[in-house]
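Dropping target07.cif in here (mmCIF, C-alpha atoms and all ligand atoms):
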```cif
data_coords
loop_
_atom_site.label_atom_id
_atom_site.label_comp_id
_atom_site.auth_asym_id
_atom_site.auth_seq_id
_atom_site.Cartn_x
_atom_site.Cartn_y
_atom_site.Cartn_z
CA MET A 1429 165.92 4.86 35.10
CA ILE A 1430 169.07 4.38 33.08
CA ARG A 1431 168.72 2.70 29.70
CA SER A 1432 170.66 2.31 26.45
CA THR A 1433 170.79 5.49 24.41
CA GLU A 1434 168.40 5.49 21.46
CA PRO A 1435 168.65 7.38 18.14
CA ALA A 1436 165.68 9.57 19.13
CA ASP A 1437 167.69 10.83 22.17
CA THR A 1438 170.31 12.53 19.98
CA GLN A 1439 168.95 16.09 19.85
CA SER A 1440 168.02 16.04 23.55
CA LEU A 1441 171.52 14.90 24.50
CA VAL A 1442 173.17 17.63 22.44
CA ALA A 1443 170.80 20.19 24.02
CA LEU A 1444 171.55 18.78 27.46
CA ALA A 1445 175.31 19.03 26.89
CA ALA A 1446 174.85 22.64 25.69
CA SER A 1447 172.79 23.51 28.76
CA THR A 1448 175.66 22.56 31.09
CA GLU A 1449 177.59 25.52 29.60
CA VAL A 1450 180.92 23.75 30.01
CA PHE A 1451 181.34 22.42 26.47
CA LYS A 1452 182.58 24.49 23.54
CA PRO A 1453 180.44 24.77 20.35
CA LEU A 1454 182.99 22.58 18.57
CA GLU A 1455 182.53 19.88 21.21
CA LEU A 1456 178.74 19.97 20.77
CA VAL A 1457 179.15 19.43 17.02
CA ALA A 1458 181.50 16.54 17.82
CA LEU A 1459 178.93 15.03 20.19
CA GLU A 1460 176.27 14.97 17.49
CA GLU A 1461 178.75 13.29 15.13
CA VAL A 1462 179.77 10.79 17.80
CA LEU A 1463 176.14 9.81 18.39
CA CYS A 1464 175.48 9.55 14.64
CA ASP A 1465 178.52 7.29 14.21
CA TYR A 1466 177.47 5.31 17.28
CA PHE A 1467 174.14 4.31 15.78
CA ALA A 1468 175.61 3.83 12.29
CA THR A 1469 178.64 1.69 13.15
CA ASN A 1470 180.32 2.12 16.53
CA LYS A 1471 177.67 0.48 18.69
CA ALA A 1472 178.35 -2.74 16.81
CA LEU A 1473 182.09 -2.22 17.44
CA GLY A 1474 181.62 -2.17 21.21
CA HIS A 1475 181.00 1.50 22.03
CA ARG A 1476 178.38 2.10 24.72
CA ALA A 1477 175.97 4.96 25.49
CA LEU A 1478 173.61 5.26 28.45
CA THR A 1479 170.75 7.72 28.98
CA ALA A 1480 169.31 8.62 32.39
CA VAL A 1481 165.57 9.31 32.25
CA ASP A 1482 163.26 10.58 34.94
CA GLY A 1483 160.19 11.68 32.99
CA THR A 1484 162.54 13.56 30.67
CA ILE A 1485 166.18 12.95 29.79
CA GLN A 1486 168.42 13.91 32.72
CA GLY A 1487 171.89 12.73 31.75
CA PHE A 1488 174.04 10.49 29.62
CA ALA A 1489 177.40 8.75 29.43
CA TYR A 1490 179.36 7.56 26.42
CA PHE A 1491 182.32 5.19 26.71
CA ALA A 1492 184.32 3.01 24.38
CA PRO A 1493 187.38 0.79 24.13
CA ALA A 1494 190.53 2.71 23.20
CA ALA A 1495 191.83 1.62 19.79
CA MET A 1496 195.15 -0.23 19.65
CA THR A 1497 195.24 -1.02 23.38
CA ASP A 1498 194.75 -4.14 25.44
CA ARG A 1499 191.37 -3.48 27.10
CA THR A 1500 191.85 0.18 27.98
CA TRP A 1501 188.59 2.10 27.88
CA TYR A 1502 187.74 5.78 27.61
CA LEU A 1503 184.82 7.64 29.10
CA TRP A 1504 184.21 10.12 26.27
CA TRP A 1505 181.28 12.00 27.75
CA ILE A 1506 179.31 12.27 30.94
CA ALA A 1507 176.80 15.04 31.62
CA VAL A 1508 173.76 15.72 33.77
CA MET A 1509 171.15 18.48 33.38
CA PRO A 1510 172.18 21.54 35.43
CA GLY A 1511 168.93 21.47 37.46
CA THR A 1512 169.48 17.88 38.54
CA GLN A 1513 173.24 17.87 39.12
CA ALA A 1514 174.62 16.85 42.52
CA LYS A 1515 171.70 14.45 43.12
CA GLY A 1516 173.52 11.23 42.30
CA ILE A 1517 172.61 10.78 38.62
CA GLY A 1518 176.20 11.23 37.42
CA SER A 1519 177.41 8.72 40.03
CA GLU A 1520 174.82 6.18 38.88
CA LEU A 1521 175.78 6.66 35.21
CA LEU A 1522 179.46 6.25 36.10
CA ARG A 1523 178.76 3.17 38.21
CA LEU A 1524 176.86 1.49 35.36
CA ALA A 1525 179.58 2.46 32.86
CA GLU A 1526 182.24 0.93 35.14
CA ASP A 1527 180.13 -2.23 35.59
CA GLU A 1528 179.90 -2.58 31.83
CA VAL A 1529 183.65 -2.00 31.33
CA ARG A 1530 184.36 -4.68 33.97
CA GLN A 1531 181.92 -7.03 32.29
CA GLN A 1532 183.87 -6.51 29.06
CA ARG A 1533 187.10 -7.31 31.02
CA GLY A 1534 188.38 -3.75 30.69
CA ARG A 1535 191.62 -3.08 32.60
CA ILE A 1536 191.66 0.71 32.87
CA LEU A 1537 189.07 3.44 32.42
CA LEU A 1538 190.45 6.84 31.41
CA VAL A 1539 188.74 10.19 31.21
CA GLU A 1540 190.12 13.41 29.82
CA THR A 1541 189.03 16.73 31.21
CA SER A 1542 190.15 20.31 31.25
CA SER A 1543 192.12 22.25 33.86
CA LEU A 1544 189.82 25.28 33.57
CA PRO A 1545 187.99 26.41 36.73
CA HIS A 1546 184.53 25.50 35.45
CA TYR A 1547 185.64 21.86 35.22
CA GLU A 1548 186.51 21.82 38.94
CA PRO A 1549 183.20 20.03 39.87
CA ALA A 1550 183.95 17.38 37.23
CA ARG A 1551 187.51 16.89 38.55
CA LYS A 1552 186.13 16.55 42.10
CA PHE A 1553 183.53 14.10 40.80
CA TYR A 1554 186.20 11.82 39.27
CA ALA A 1555 188.44 12.03 42.36
CA LYS A 1556 185.45 11.17 44.58
CA HIS A 1557 184.89 8.04 42.49
CA GLY A 1558 188.44 6.76 42.87
CA TYR A 1559 190.04 8.23 39.74
CA THR A 1560 193.59 9.50 40.08
CA GLN A 1561 195.23 12.20 38.03
CA ALA A 1562 197.46 10.21 35.67
CA ALA A 1563 198.75 12.92 33.34
CA THR A 1564 198.53 16.57 32.42
CA ILE A 1565 199.31 17.96 28.99
CA ALA A 1566 199.94 21.67 29.29
CA GLY A 1567 198.11 23.83 26.76
CA TYR A 1568 196.45 20.87 25.03
CA TYR A 1569 193.00 22.41 24.44
CA ALA A 1570 194.23 25.99 24.18
CA ALA A 1571 196.87 28.23 25.74
CA GLY A 1572 196.28 27.97 29.49
CA ASP A 1573 193.78 25.12 29.08
CA ASP A 1574 195.52 21.86 29.95
CA MET A 1575 194.27 18.33 29.38
CA VAL A 1576 193.99 16.43 32.68
CA VAL A 1577 193.74 12.67 32.33
CA PHE A 1578 192.13 10.71 35.15
CA SER A 1579 192.54 6.96 35.42
CA LYS A 1580 190.94 4.13 37.40
CA GLY A 1581 191.87 0.45 37.43
CA MET A 1582 188.96 -1.83 36.60
CA GLU A 1583 190.46 -5.19 37.62
C1 LIG B 1601 180.24 16.04 36.43
C2 LIG B 1601 178.77 15.59 36.45
C3 LIG B 1601 178.54 14.60 35.32
C4 LIG B 1601 178.49 14.88 37.77
O1 LIG B 1601 177.14 14.45 37.80
P1 LIG B 1601 176.22 14.77 39.07
O2 LIG B 1601 174.94 14.04 38.90
O3 LIG B 1601 176.16 16.24 39.25
O4 LIG B 1601 177.11 14.12 40.24
P2 LIG B 1601 176.64 13.33 41.54
O5 LIG B 1601 175.45 13.98 42.15
O6 LIG B 1601 176.52 11.90 41.24
O7 LIG B 1601 177.93 13.50 42.44
C5 LIG B 1601 178.14 14.74 43.06
C6 LIG B 1601 179.61 14.95 43.22
O8 LIG B 1601 180.13 15.43 41.99
C7 LIG B 1601 180.80 16.68 42.18
N1 LIG B 1601 179.93 17.64 41.52
C8 LIG B 1601 179.83 17.69 40.19
N2 LIG B 1601 179.02 18.67 39.79
C9 LIG B 1601 178.54 19.26 40.89
C10 LIG B 1601 177.67 20.34 41.11
N3 LIG B 1601 177.11 21.05 40.10
N4 LIG B 1601 177.37 20.67 42.37
C11 LIG B 1601 177.94 19.98 43.38
N5 LIG B 1601 178.78 18.96 43.22
C12 LIG B 1601 179.11 18.59 41.99
C13 LIG B 1601 181.02 16.81 43.66
O9 LIG B 1601 182.26 16.18 43.96
C14 LIG B 1601 179.89 16.01 44.25
O10 LIG B 1601 180.28 15.35 45.41
P3 LIG B 1601 179.71 15.82 46.86
O11 LIG B 1601 178.23 15.68 46.75
O12 LIG B 1601 180.36 14.89 47.82
O13 LIG B 1601 180.15 17.25 46.97
C15 LIG B 1601 177.79 16.77 36.31
O14 LIG B 1601 178.00 17.66 37.35
C16 LIG B 1601 177.88 17.53 34.99
O15 LIG B 1601 177.16 17.21 34.06
N6 LIG B 1601 178.73 18.55 34.89
C17 LIG B 1601 178.81 19.34 33.66
C18 LIG B 1601 179.36 18.53 32.52
C19 LIG B 1601 180.76 18.05 32.81
O16 LIG B 1601 181.59 18.75 33.35
N7 LIG B 1601 181.01 16.77 32.42
C20 LIG B 1601 182.31 16.17 32.56
C21 LIG B 1601 183.18 16.63 31.44
S1 LIG B 1601 184.83 16.02 31.64
#
```
Serialized structure, structure tokens:
Amino acid sequence: MIRSTEPADTQSLVALAASTEVFKPLELVALEEVLCDYFATNKALGHRALTAVDGTIQGFAYFAPAAMTDRTWYLWWIAVMPGTQAKGIGSELLRLAEDEVRQQRGRILLVETSSLPHYEPARKFYAKHGYTQAATIAGYYAAGDDMVVFSKGME
């Protein structure tokens, strides 16, 4: 089942993101802040968060309109528990996120990821779902760690 993210999910989602071993400690701190801000203010401003549950929490996605654009959206986070990856949960979260962006008349959905080898499954995942590599910013995250921006039209 995929449902709206609830405040009580916060610690589980941070733990889930940590368990994937792809996010840096700084990014995990940022995730907790993002979820805090979501419940405090950003949900009311149109941000969206989804939690996948199958007995326990299995995954989540967070997406939001990009400020100062005409209906461009960003997928900020998507993650699935390591033990249940590659079983379709990520695809279902992404599909529901895209449905919601379309319902909000979004034009483009962007997602930023890293060029590092351990993000290869994520890059394949986006390509498989029709995202194209729109830009690369060399050395963005760190020396030798580029930002790769994937984009998909929603109209
Ligand atoms: C990327 C991620 C959200 C995809 O969710 P998922 O539930 O594993 O993906 P699905 O089962 O729906 O889709 C599987 C596809 O994703 C890719 N993939 C992603 N992770 C994979 C893994 N661990 N094993 C195999 N394939 C994986 C493959 O392209 C696969 O397609 P295939 O089955 O045709 O080979 C998930 O693997 C994850 O949480 N990764 C770690 C966190 C992360 O990198 N998030 C994105 C940050 S930018």
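Counting only C-alpha atoms and comparing A:Cys1464, A:Leu1441, A:Ala1492, A:Ile1430, the residue that lies closest to Leu1537 in chain A is A:Ala1492.
Residues in contact with Leu1473 in chain A at 12 Å, where only C-alpha atoms are counted and same-chain residues fewer than 5 positions away are skipped, are listed as Asp1465, Tyr1466, Phe1467, Ala1468, Phe1491, Ala1492, Pro1493, Ala1494 and Ala1495 of chain A.
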Given 8 Å of margin on each side, can you work out the centre and size in Å (one decimal) of an axis-aligned box holding every listed atom of range 1521-1529 of chain A, as AutoDock Vina command-line options?
```
--center_x 179.7 --center_y 2.0 --center_z 34.8 --size_x 23.9 --size_y 25.2 --size_z 22.9
```
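Proximity to Leu1544 in chain A was assessed for A:Trp1504, A:Tyr1568, A:Phe1578, A:Tyr1559 counting all atoms listed in the file; the smallest distance is recorded for A:Tyr1568.
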Which residues of chain A come within 10 Å of ligand LIG 1601 (chain B), and what is each one's closest atom pair and distance in Å (one decimal), counting all atoms listed in the file, sorted by chain and residue number, as a tab-separated table?
```
residue	atom	partner	partner_atom	distance
A:Leu1444	CA	B:LIG1601	O15	8.8
A:Ala1445	CA	B:LIG1601	C18	7.0
A:Ala1446	CA	B:LIG1601	C18	9.2
A:Ser1447	CA	B:LIG1601	C17	8.8
A:Thr1448	CA	B:LIG1601	C17	5.2
A:Glu1449	CA	B:LIG1601	C17	7.5
A:Val1450	CA	B:LIG1601	C18	6.0
A:Phe1451	CA	B:LIG1601	C18	7.5
A:Gln1486	CA	B:LIG1601	O2	9.0
A:Gly1487	CA	B:LIG1601	O15	7.3
A:Phe1488	CA	B:LIG1601	C3	8.3
A:Ala1489	CA	B:LIG1601	C3	8.4
A:Leu1503	CA	B:LIG1601	S1	8.8
A:Trp1504	CA	B:LIG1601	S1	8.0
A:Trp1505	CA	B:LIG1601	C21	6.2
A:Ile1506	CA	B:LIG1601	C3	5.0
A:Ala1507	CA	B:LIG1601	O15	3.3
A:Val1508	CA	B:LIG1601	O15	3.7
A:Met1509	CA	B:LIG1601	O15	6.2
A:Pro1510	CA	B:LIG1601	O15	6.7
A:Gly1511	CA	B:LIG1601	N3	8.6
A:Thr1512	CA	B:LIG1601	O2	6.7
A:Gln1513	CA	B:LIG1601	O3	3.3
A:Ala1514	CA	B:LIG1601	O5	3.0
A:Lys1515	CA	B:LIG1601	O5	3.9
A:Gly1516	CA	B:LIG1601	O6	3.3
A:Ile1517	CA	B:LIG1601	O2	4.0
A:Gly1518	CA	B:LIG1601	O1	3.4
A:Ser1519	CA	B:LIG1601	O6	3.5
A:Glu1520	CA	B:LIG1601	O6	6.4
A:Leu1521	CA	B:LIG1601	O6	8.0
A:Leu1522	CA	B:LIG1601	O6	8.2
A:Arg1523	CA	B:LIG1601	O6	9.5
A:Val1539	CA	B:LIG1601	S1	7.0
A:Glu1540	CA	B:LIG1601	S1	6.2
A:Thr1541	CA	B:LIG1601	S1	4.3
A:Ser1542	CA	B:LIG1601	S1	6.8
A:Ser1543	CA	B:LIG1601	S1	9.8
A:His1546	CA	B:LIG1601	O16	7.7
A:Tyr1547	CA	B:LIG1601	O16	5.4
A:Glu1548	CA	B:LIG1601	C8	8.0
A:Pro1549	CA	B:LIG1601	C8	4.1
A:Ala1550	CA	B:LIG1601	C1	4.0
A:Arg1551	CA	B:LIG1601	S1	7.5
A:Lys1552	CA	B:LIG1601	O9	4.3
A:Phe1553	CA	B:LIG1601	O8	3.8
A:Tyr1554	CA	B:LIG1601	O9	7.5
A:Ala1555	CA	B:LIG1601	O9	7.6
A:Lys1556	CA	B:LIG1601	O9	6.0
A:His1557	CA	B:LIG1601	O9	8.7
A:Met1575	CA	B:LIG1601	S1	10.0
A:Val1576	CA	B:LIG1601	S1	9.2
A:Val1577	CA	B:LIG1601	S1	9.5
A:Phe1578	CA	B:LIG1601	S1	9.7
```
Could you write out the selected residues, including C-alpha atoms, as a short mmCIF file (atom, residue, chain, number, x, y, z; two decimals), in the frame of the given file?
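So the final result, stored in out.cif, reads:
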```cif
data_model
loop_
_atom_site.label_atom_id
_atom_site.label_comp_id
_atom_site.auth_asym_id
_atom_site.auth_seq_id
_atom_site.Cartn_x
_atom_site.Cartn_y
_atom_site.Cartn_z
CA LEU A 1444 171.55 18.78 27.46
CA ALA A 1445 175.31 19.03 26.89
CA ALA A 1446 174.85 22.64 25.69
CA SER A 1447 172.79 23.51 28.76
CA THR A 1448 175.66 22.56 31.09
CA GLU A 1449 177.59 25.52 29.60
CA VAL A 1450 180.92 23.75 30.01
CA PHE A 1451 181.34 22.42 26.47
CA GLN A 1486 168.42 13.91 32.72
CA GLY A 1487 171.89 12.73 31.75
CA PHE A 1488 174.04 10.49 29.62
CA ALA A 1489 177.40 8.75 29.43
CA LEU A 1503 184.82 7.64 29.10
CA TRP A 1504 184.21 10.12 26.27
CA TRP A 1505 181.28 12.00 27.75
CA ILE A 1506 179.31 12.27 30.94
CA ALA A 1507 176.80 15.04 31.62
CA VAL A 1508 173.76 15.72 33.77
CA MET A 1509 171.15 18.48 33.38
CA PRO A 1510 172.18 21.54 35.43
CA GLY A 1511 168.93 21.47 37.46
CA THR A 1512 169.48 17.88 38.54
CA GLN A 1513 173.24 17.87 39.12
CA ALA A 1514 174.62 16.85 42.52
CA LYS A 1515 171.70 14.45 43.12
CA GLY A 1516 173.52 11.23 42.30
CA ILE A 1517 172.61 10.78 38.62
CA GLY A 1518 176.20 11.23 37.42
CA SER A 1519 177.41 8.72 40.03
CA GLU A 1520 174.82 6.18 38.88
CA LEU A 1521 175.78 6.66 35.21
CA LEU A 1522 179.46 6.25 36.10
CA ARG A 1523 178.76 3.17 38.21
CA VAL A 1539 188.74 10.19 31.21
CA GLU A 1540 190.12 13.41 29.82
CA THR A 1541 189.03 16.73 31.21
CA SER A 1542 190.15 20.31 31.25
CA SER A 1543 192.12 22.25 33.86
CA HIS A 1546 184.53 25.50 35.45
CA TYR A 1547 185.64 21.86 35.22
CA GLU A 1548 186.51 21.82 38.94
CA PRO A 1549 183.20 20.03 39.87
CA ALA A 1550 183.95 17.38 37.23
CA ARG A 1551 187.51 16.89 38.55
CA LYS A 1552 186.13 16.55 42.10
CA PHE A 1553 183.53 14.10 40.80
CA TYR A 1554 186.20 11.82 39.27
CA ALA A 1555 188.44 12.03 42.36
CA LYS A 1556 185.45 11.17 44.58
CA HIS A 1557 184.89 8.04 42.49
CA MET A 1575 194.27 18.33 29.38
CA VAL A 1576 193.99 16.43 32.68
CA VAL A 1577 193.74 12.67 32.33
CA PHE A 1578 192.13 10.71 35.15
#
```
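For the pair CA of Ala1458 in chain A and CA of Tyr1569 in chain A, the interatomic distance is 14.5 Å.
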Inset, instruction - Select, from A:Ala1566, A:Glu1461, A:Met1582, A:Thr1560, the residue with the minimum atom-to-atom distance to Gln1531 in chain A, counting all atoms listed in the file. - result: A:Met1582
Legend entry - Nearby residues (all atoms listed in the file) at most 7 Å from Arg1431 in chain A, same-chain spacing under 3 positions excluded, as a PyMOL selection string: chain A and resi 1478-1480
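When all atoms listed in the file are used to compute distances to Ala1436 in chain A, the closest of the residues A:Ile1485, A:Thr1469, A:Leu1454, A:Met1496 turns out to be A:Ile1485.
Each of A:Gly1474, A:Pro1453, A:Asp1573, A:Thr1564 was compared to Gly1534 in chain A using all atoms listed in the file, and A:Gly1474 turns out to be the nearest.
CA of Pro1545 in chain A lies 20.0 Å from CA of Ser1579 in chain A.
From CA of Glu1526 in chain A back to CA of Arg1499 in chain A, the distance works out to 12.9 Å.
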Legend entry - Pick from A:Gln1439, A:Ser1432, A:Gln1561, A:Gln1532 nearest to Asp1498 in chain A, counting all atoms listed in the file: A:Gln1532
